[in-house]
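Notes follow the structure.
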Amino acid sequence: IKEIPFVITVMPDGQFNGLADTRQHNKQKRLEAYPFRVPKERERTGSNAWQKAHLLWDHYGFVLNHPATDAPRDVEKARKQFGTFRKMVTDLAAAHPSDQDLKAIHAFYEKEQYKQVGLDPKWPDCAKIKGCNLTFKIAGQEGIITDKIAAHVADLAKGHAGAQVRDNAMSKARFEFRWEDQFNIGLDPDRAREYHDATLPKEAHKVAHFCSMCGPSFCSMKITQDVREYAKAKGIAEDQALQQGMQAKAQEFTAQGSEIYRKA
């Protein structure tokens, strides 16, 4: 449980929708932030503390690149913290392509919507709180994004067999592009299916070997499958298949004039 004074509300497409103030006056008429259930804090001390971000929640240095002060040292620290948090979001979205909430948060950063938070009327109140914690909420949904994640992580930490089985099943369904299974295994099947259909609505897309994030040409799962099939057909190891593929592409690149950019 962690007190989170402000929540960043994001649309499913990643657009910034507003900054929500969770604080309420207590019996002493002092403002208190709402206590949310979030994933456990990561222990971090020393000069490398910027390398550890909390799971989808943290203070404004990590979440928004907002330094504690205008001093060059604090500005540089916030820049490093922000880089760590963005990488975590990118890695999570890549690891769970069927999770539409993660996809929305990833788009929030890719579209640089985080810069809009500072223009929100409530931002000054957030900025004046030292080390103000923030997290995310998807517009139209109940609760914050970490609610379901925290509950699932807790199940994993407690050793509940069903939690690990669920994760393993999701990973296998993801690798095999079984979209319907991914929807059904997910924490919110109806919403996952709704978000998927917003960009890939045809029934044929339910068996497609790609999603709208990377498309058919850059899907890591599809490329991995292609490498394995190539290695099997050639009777060679996967490492050898990768090496041969890179050599072939290098020769193709040289033969076409070694131009990085080509006319469409």
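Residues are named by chain letter and number: chains run A, B, ... in the order of the structure tokens, numbers start at 1 in each chain, and ligands are numbered from 1 in the order shown.
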
Contact check, segment 79-184 of chain A to segment 188-201 of chain A, at most 12 Å, counting only C-alpha atoms, closest pairs as a tab-separated table:
```
residue	atom	partner	partner_atom	distance
A:His96	CA	A:Ala192	CA	11.5
A:Pro97	CA	A:His196	CA	9.9
A:Ser98	CA	A:Ala192	CA	6.9
A:Asp99	CA	A:Ala192	CA	6.5
A:Gln100	CA	A:Ala192	CA	6.0
A:Asp101	CA	A:Ala192	CA	8.6
A:Leu102	CA	A:Ala192	CA	10.9
A:Lys103	CA	A:Tyr195	CA	9.6
A:Ala104	CA	A:Tyr195	CA	9.8
A:Ile138	CA	A:Arg191	CA	11.4
A:Gly140	CA	A:Arg191	CA	10.9
A:Gln141	CA	A:Arg191	CA	9.7
A:Glu142	CA	A:Asp188	CA	11.9
A:Ile145	CA	A:Asp188	CA	11.8
A:Lys148	CA	A:Asp188	CA	9.3
A:Ile149	CA	A:Asp188	CA	11.5
A:Trp179	CA	A:Arg193	CA	8.8
A:Glu180	CA	A:Arg193	CA	8.2
A:Asp181	CA	A:Pro189	CA	9.4
A:Gln182	CA	A:Pro189	CA	8.1
A:Phe183	CA	A:Pro189	CA	4.7
A:Asn184	CA	A:Pro189	CA	5.1
```

Query - Residues near segment 38-51 of chain A, cut-off 12 Å, only C-alpha atoms, skip fewer than 2 positions along chain, as a PyMOL selection string - result: chain A and resi 1-4+34-36+53-59+61-63+65+73-74+76-88+133-136+143-157

Report task. Name the residues of segment 86-250 of chain A that fall into strand (DSSP E) according to DSSP on the backbone, using the chain letters and numbers of this document, as a VMD selection string. Result -> chain A and resid 133 to 138

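With only C-alpha atoms as the atoms that count, the residue of A:Lys263, A:His66, A:Lys130, A:His106 with the shortest distance to Leu92 of chain A is A:His106.
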
Query raised in the report: In Å, how far is it from atom CA of Leu19 of chain A to atom CA of Cys214 of chain A?
Result: 29.5 Å

Query - Spatial neighbours of Tyr114 of chain A, 10 Å, only C-alpha atoms, chain gap at least 4 places, as a PyMOL selection string - result: chain A and resi 8+10+14-16+63-65+105+108-110+118-119

Report task. Could you please write out, as JSON, numbers by chain, every residue of segment 14-126 of chain A that DSSP assigns to helix (DSSP H, G or I)? Result -> {"A": [49, 50, 51, 60, 61, 62, 63, 64, 72, 73, 74, 75, 76, 77, 78, 79, 80, 81, 82, 83, 84, 85, 86, 87, 88, 89, 90, 91, 92, 93, 94, 95, 100, 101, 102, 103, 104, 105, 106, 107, 108, 109, 110, 114, 115, 116, 117, 123, 124, 125, 126]}

Report task. Might you pull out every residue within 10 Å of Ala127 of chain A, with only C-alpha atoms counted and same-chain residues fewer than 5 positions away left off, and present them as a ChimeraX atom specification? Result -> /A:60,66-68,118,122,132

Report task. Find, counting only C-alpha atoms, the residue in A:Thr224, A:Lys172, A:Asp125, A:Gln256 that gets nearest to Asp239 of chain A. Result -> A:Thr224

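Between atom CA of Ile129 of chain A and atom CA of Thr69 of chain A there is a distance of 12.0 Å.
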
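The space separating atom CA of Pro12 of chain A from atom CA of Asp91 of chain A comes to 18.4 Å.
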